[in-house]
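Trainee: Submitted below is the structure of interest, expressed as structure tokens.
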Amino acid sequence: MDLSLLITYRNRPAHLRTFLKWFKKTQKLTSSIEAILIESNFEPSIQRTQIEKTKNLIYEFLPFDGVFHKTKMLNLALARASGKYATAYDIDLVPYEFSFETHLRLAEESKSLLMSGYRINSNIEELENIEIVWEYMKRGNIAEEDLEEGCLKSQFFDRERFGVLPFFLRKELDRIGGWDERFMGWGAEDQDIIGRYLGDSRFLLKSPDLLYLHLNHGTSEGWNEKVLTKKNVHLYETKRMK
């Protein structure tokens, strides 16, 4: 297996439907990509028949336990993964054409590089026809994290590292212990693991050849609330100061 998509999920049915559409199409093109989807909810959103009909989809359900513990779920997915590379894949992203093939080729070019791409924000929540991803990308806006001056300065001068779908070597993720489970909900857990993975021997590169449509969504209780994000940012800054 070349690539494992590590997916955490709760209460995004439109995004889930879109994901299943494009992933089934991907499986017709290659059998070298797998998806490990971990759901934390009151009841399962995916029926056993859906899993059986979708090749290389591994699904695990965790009973709802309050705050969306994304890092714990990512580590559970990582433990099930078999790909040479692994990435924390957000359910609200749709790759342009077969972006993974290009992404893998770039990752293979050098083991000292961590390749990542760009998000194009869309105002739609569900993509009915995955064949017209490009049309929605041309109408969308580049994500603020890639353009906003404050974000760029923090990366240039404070050496914070942020990337869209970085393709990690899975064995290296295992070596550093995966995600820090002290991060709860959303925010800063991705910067933390990128920084620990890179260390002093790897470099982060963002390529305009790697484009992903970012579907619209609002704030989710117990996930991306400001209070949770604030705590995560504080933890991240505390770790960086040590």
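Ligands are numbered from 1 in the order shown, chains are lettered A, B, ... in the order of the structure tokens, and residues start at 1 in each chain.
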Show me, as JSON lines, the residues of stretch 59-132 of chain A having an atom within 6 Å of stretch 31-48 of chain A, each with the closest atom pair and its distance in Å, using only C-alpha atoms.

Mentor:
{"residue": "A:Tyr59", "atom": "CA", "partner": "A:Leu37", "partner_atom": "CA", "distance": 4.9}
{"residue": "A:Glu60", "atom": "CA", "partner": "A:Ile38", "partner_atom": "CA", "distance": 4.9}
{"residue": "A:Phe61", "atom": "CA", "partner": "A:Glu39", "partner_atom": "CA", "distance": 4.9}
{"residue": "A:Leu62", "atom": "CA", "partner": "A:Ser40", "partner_atom": "CA", "distance": 4.7}
{"residue": "A:Pro63", "atom": "CA", "partner": "A:Asn41", "partner_atom": "CA", "distance": 5.5}
{"residue": "A:Phe64", "atom": "CA", "partner": "A:Asn41", "partner_atom": "CA", "distance": 4.2}
{"residue": "A:Ala77", "atom": "CA", "partner": "A:Ile36", "partner_atom": "CA", "distance": 5.7}

Trainee: How about saving the chosen residues, all heavy atoms kept, as a PDB file, in the first residue's frame?

Mentor:
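Now in out_19.pdb:
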ATOM      1  N   TYR A  59     -13.241   1.020   8.547  1.00  0.00           N
ATOM      2  CA  TYR A  59     -14.115   1.887   9.349  1.00  0.00           C
ATOM      3  C   TYR A  59     -14.159   1.380  10.786  1.00  0.00           C
ATOM      4  O   TYR A  59     -14.286   0.180  11.033  1.00  0.00           O
ATOM      5  CB  TYR A  59     -15.517   1.896   8.756  1.00  0.00           C
ATOM      6  CG  TYR A  59     -16.548   2.628   9.590  1.00  0.00           C
ATOM      7  CD1 TYR A  59     -16.557   4.015   9.663  1.00  0.00           C
ATOM      8  CD2 TYR A  59     -17.520   1.920  10.307  1.00  0.00           C
ATOM      9  CE1 TYR A  59     -17.499   4.688  10.424  1.00  0.00           C
ATOM     10  CE2 TYR A  59     -18.479   2.585  11.059  1.00  0.00           C
ATOM     11  CZ  TYR A  59     -18.462   3.965  11.114  1.00  0.00           C
ATOM     12  OH  TYR A  59     -19.395   4.632  11.863  1.00  0.00           O
ATOM     13  N   GLU A  60     -14.031   2.332  11.719  1.00  0.00           N
ATOM     14  CA  GLU A  60     -14.126   1.992  13.134  1.00  0.00           C
ATOM     15  C   GLU A  60     -14.986   3.028  13.833  1.00  0.00           C
ATOM     16  O   GLU A  60     -14.839   4.233  13.602  1.00  0.00           O
ATOM     17  CB  GLU A  60     -12.731   1.933  13.769  1.00  0.00           C
ATOM     18  CG  GLU A  60     -12.735   1.458  15.206  1.00  0.00           C
ATOM     19  CD  GLU A  60     -11.340   1.236  15.758  1.00  0.00           C
ATOM     20  OE1 GLU A  60     -10.436   0.899  14.964  1.00  0.00           O
ATOM     21  OE2 GLU A  60     -11.154   1.403  16.987  1.00  0.00           O
ATOM     22  N   PHE A  61     -15.880   2.558  14.693  1.00  0.00           N
ATOM     23  CA  PHE A  61     -16.804   3.460  15.391  1.00  0.00           C
ATOM     24  C   PHE A  61     -16.453   3.526  16.873  1.00  0.00           C
ATOM     25  O   PHE A  61     -16.216   2.511  17.524  1.00  0.00           O
ATOM     26  CB  PHE A  61     -18.244   2.962  15.231  1.00  0.00           C
ATOM     27  CG  PHE A  61     -19.240   3.756  16.026  1.00  0.00           C
ATOM     28  CD1 PHE A  61     -19.649   5.005  15.591  1.00  0.00           C
ATOM     29  CD2 PHE A  61     -19.744   3.260  17.222  1.00  0.00           C
ATOM     30  CE1 PHE A  61     -20.551   5.755  16.329  1.00  0.00           C
ATOM     31  CE2 PHE A  61     -20.656   3.995  17.962  1.00  0.00           C
ATOM     32  CZ  PHE A  61     -21.059   5.241  17.521  1.00  0.00           C
ATOM     33  N   LEU A  62     -16.413   4.762  17.388  1.00  0.00           N
ATOM     34  CA  LEU A  62     -16.189   4.990  18.812  1.00  0.00           C
ATOM     35  C   LEU A  62     -17.419   5.680  19.385  1.00  0.00           C
ATOM     36  O   LEU A  62     -17.860   6.701  18.852  1.00  0.00           O
ATOM     37  CB  LEU A  62     -14.968   5.888  19.035  1.00  0.00           C
ATOM     38  CG  LEU A  62     -13.613   5.375  18.550  1.00  0.00           C
ATOM     39  CD1 LEU A  62     -12.548   6.445  18.809  1.00  0.00           C
ATOM     40  CD2 LEU A  62     -13.239   4.096  19.247  1.00  0.00           C
ATOM     41  N   PRO A  63     -18.004   5.168  20.463  1.00  0.00           N
ATOM     42  CA  PRO A  63     -19.157   5.831  21.078  1.00  0.00           C
ATOM     43  C   PRO A  63     -18.816   7.267  21.455  1.00  0.00           C
ATOM     44  O   PRO A  63     -17.697   7.562  21.873  1.00  0.00           O
ATOM     45  CB  PRO A  63     -19.426   4.973  22.322  1.00  0.00           C
ATOM     46  CG  PRO A  63     -18.844   3.642  22.003  1.00  0.00           C
ATOM     47  CD  PRO A  63     -17.624   3.924  21.166  1.00  0.00           C
ATOM     48  N   PHE A  64     -19.762   8.148  21.291  1.00  0.00           N
ATOM     49  CA  PHE A  64     -19.576   9.571  21.574  1.00  0.00           C
ATOM     50  C   PHE A  64     -19.114   9.767  23.015  1.00  0.00           C
ATOM     51  O   PHE A  64     -19.688   9.232  23.946  1.00  0.00           O
ATOM     52  CB  PHE A  64     -20.895  10.307  21.342  1.00  0.00           C
ATOM     53  CG  PHE A  64     -20.846  11.770  21.692  1.00  0.00           C
ATOM     54  CD1 PHE A  64     -20.263  12.677  20.831  1.00  0.00           C
ATOM     55  CD2 PHE A  64     -21.392  12.244  22.875  1.00  0.00           C
ATOM     56  CE1 PHE A  64     -20.225  14.032  21.137  1.00  0.00           C
ATOM     57  CE2 PHE A  64     -21.351  13.595  23.194  1.00  0.00           C
ATOM     58  CZ  PHE A  64     -20.766  14.482  22.318  1.00  0.00           C
ATOM     59  N   ALA A  77      -6.239   5.446  13.907  1.00  0.00           N
ATOM     60  CA  ALA A  77      -6.180   5.210  12.459  1.00  0.00           C
ATOM     61  C   ALA A  77      -4.765   4.841  12.035  1.00  0.00           C
ATOM     62  O   ALA A  77      -4.560   3.953  11.200  1.00  0.00           O
ATOM     63  CB  ALA A  77      -6.659   6.455  11.712  1.00  0.00           C
TER      64      ALA A  77
END

Trainee: Write out as an MDAnalysis selection string the residues lying within 12 Å of A:Gln27, counting only C-alpha atoms and excluding same-chain residues fewer than 5 positions away.

Mentor: chainID A and resid 20:22 32:35 53:57 98 100

Trainee: Which residues are close to A:Asn232, i.e. within 12 Å by only C-alpha atoms, leaving aside same-chain residues fewer than 5 positions away? Reply as an NGL selection string.

Mentor: :A and (69-71 or 180-192 or 223-227 or 237-239)

Trainee: Between atom CA of A:Ser99 and atom CA of A:His217, what is the distance, to one decimal in Å?

Mentor: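 That distance, rounded to one decimal, is 22.6 Å.
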
Trainee: Got a sec: who's within 9 Å of stretch 106-115 of chain A, counting only C-alpha atoms, leaving out chain neighbours fewer than 6 positions off, as a list in words?

Mentor: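 What passes the distance filter is Tyr85, Gly163, Val164, Leu165, Pro166, Phe167, Phe168, Leu169, Ile194, Tyr197, Leu198, Ser201, Arg202, Phe203, Leu204, Leu205, Lys206 and Ser207 of chain A.
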
Trainee: Would you mind reading off the distance between atom CA of A:Leu104 and atom CA of A:Glu131, one decimal, in Å?

Mentor: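 Computing it gives 21.7 Å between the two atoms.
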
Trainee: Between A:Ile120, A:Thr87, A:Thr8, A:Thr18, which has the minimum distance to A:Gly178 (counting only C-alpha atoms)?

Mentor: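 With only C-alpha atoms as the atom set, the closest residue is A:Thr87.
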
Trainee: Please identify the alpha helix (DSSP H) residues within stretch 102-159 of chain A (assignment by DSSP from backbone atoms) and present them as an NGL selection string.

Mentor: :A and (102-109 or 133-139 or 149-157)

Trainee: What are the DSSP strand (DSSP E) residues of stretch 4-126 of chain A, as JSON, numbers by chain?

Mentor: {"A": [4, 5, 6, 7, 8, 9, 33, 34, 35, 36, 37, 38, 39, 40, 41, 57, 58, 59, 60, 61, 62, 63, 85, 86, 87, 88, 93, 94, 95, 113, 114, 115, 116, 117, 118, 119, 120, 121]}

Trainee: Using only C-alpha atoms for the distances, tell me which of A:Phe162, A:Tyr118, A:Tyr9, A:Tyr136 is nearest to A:Tyr89.

Mentor: A:Tyr9

Trainee: Kindly indicate which residue among A:Leu76, A:Ile193, A:Leu211, A:Val67 lies nearest to A:Asn141, using only C-alpha atoms for the distances.

Mentor: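 Looking at the shortest contact to A:Asn141, the residue is A:Leu211.
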
Trainee: Choose the residue, out of A:Leu93, A:Met73, A:Leu173, A:Thr30, that has the smallest atom-to-atom separation from A:Leu127; count only C-alpha atoms.

Mentor: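 So, comparing all the options, the nearest one is A:Leu93.
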
Trainee: For a quick check of understanding, using only C-alpha atoms, which of A:Ile176, A:Leu213, A:Ile132, A:Leu29 has the smallest distance to A:Val94?

Mentor: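 Once distances to A:Val94 are computed over only C-alpha atoms, the minimum belongs to A:Leu213.
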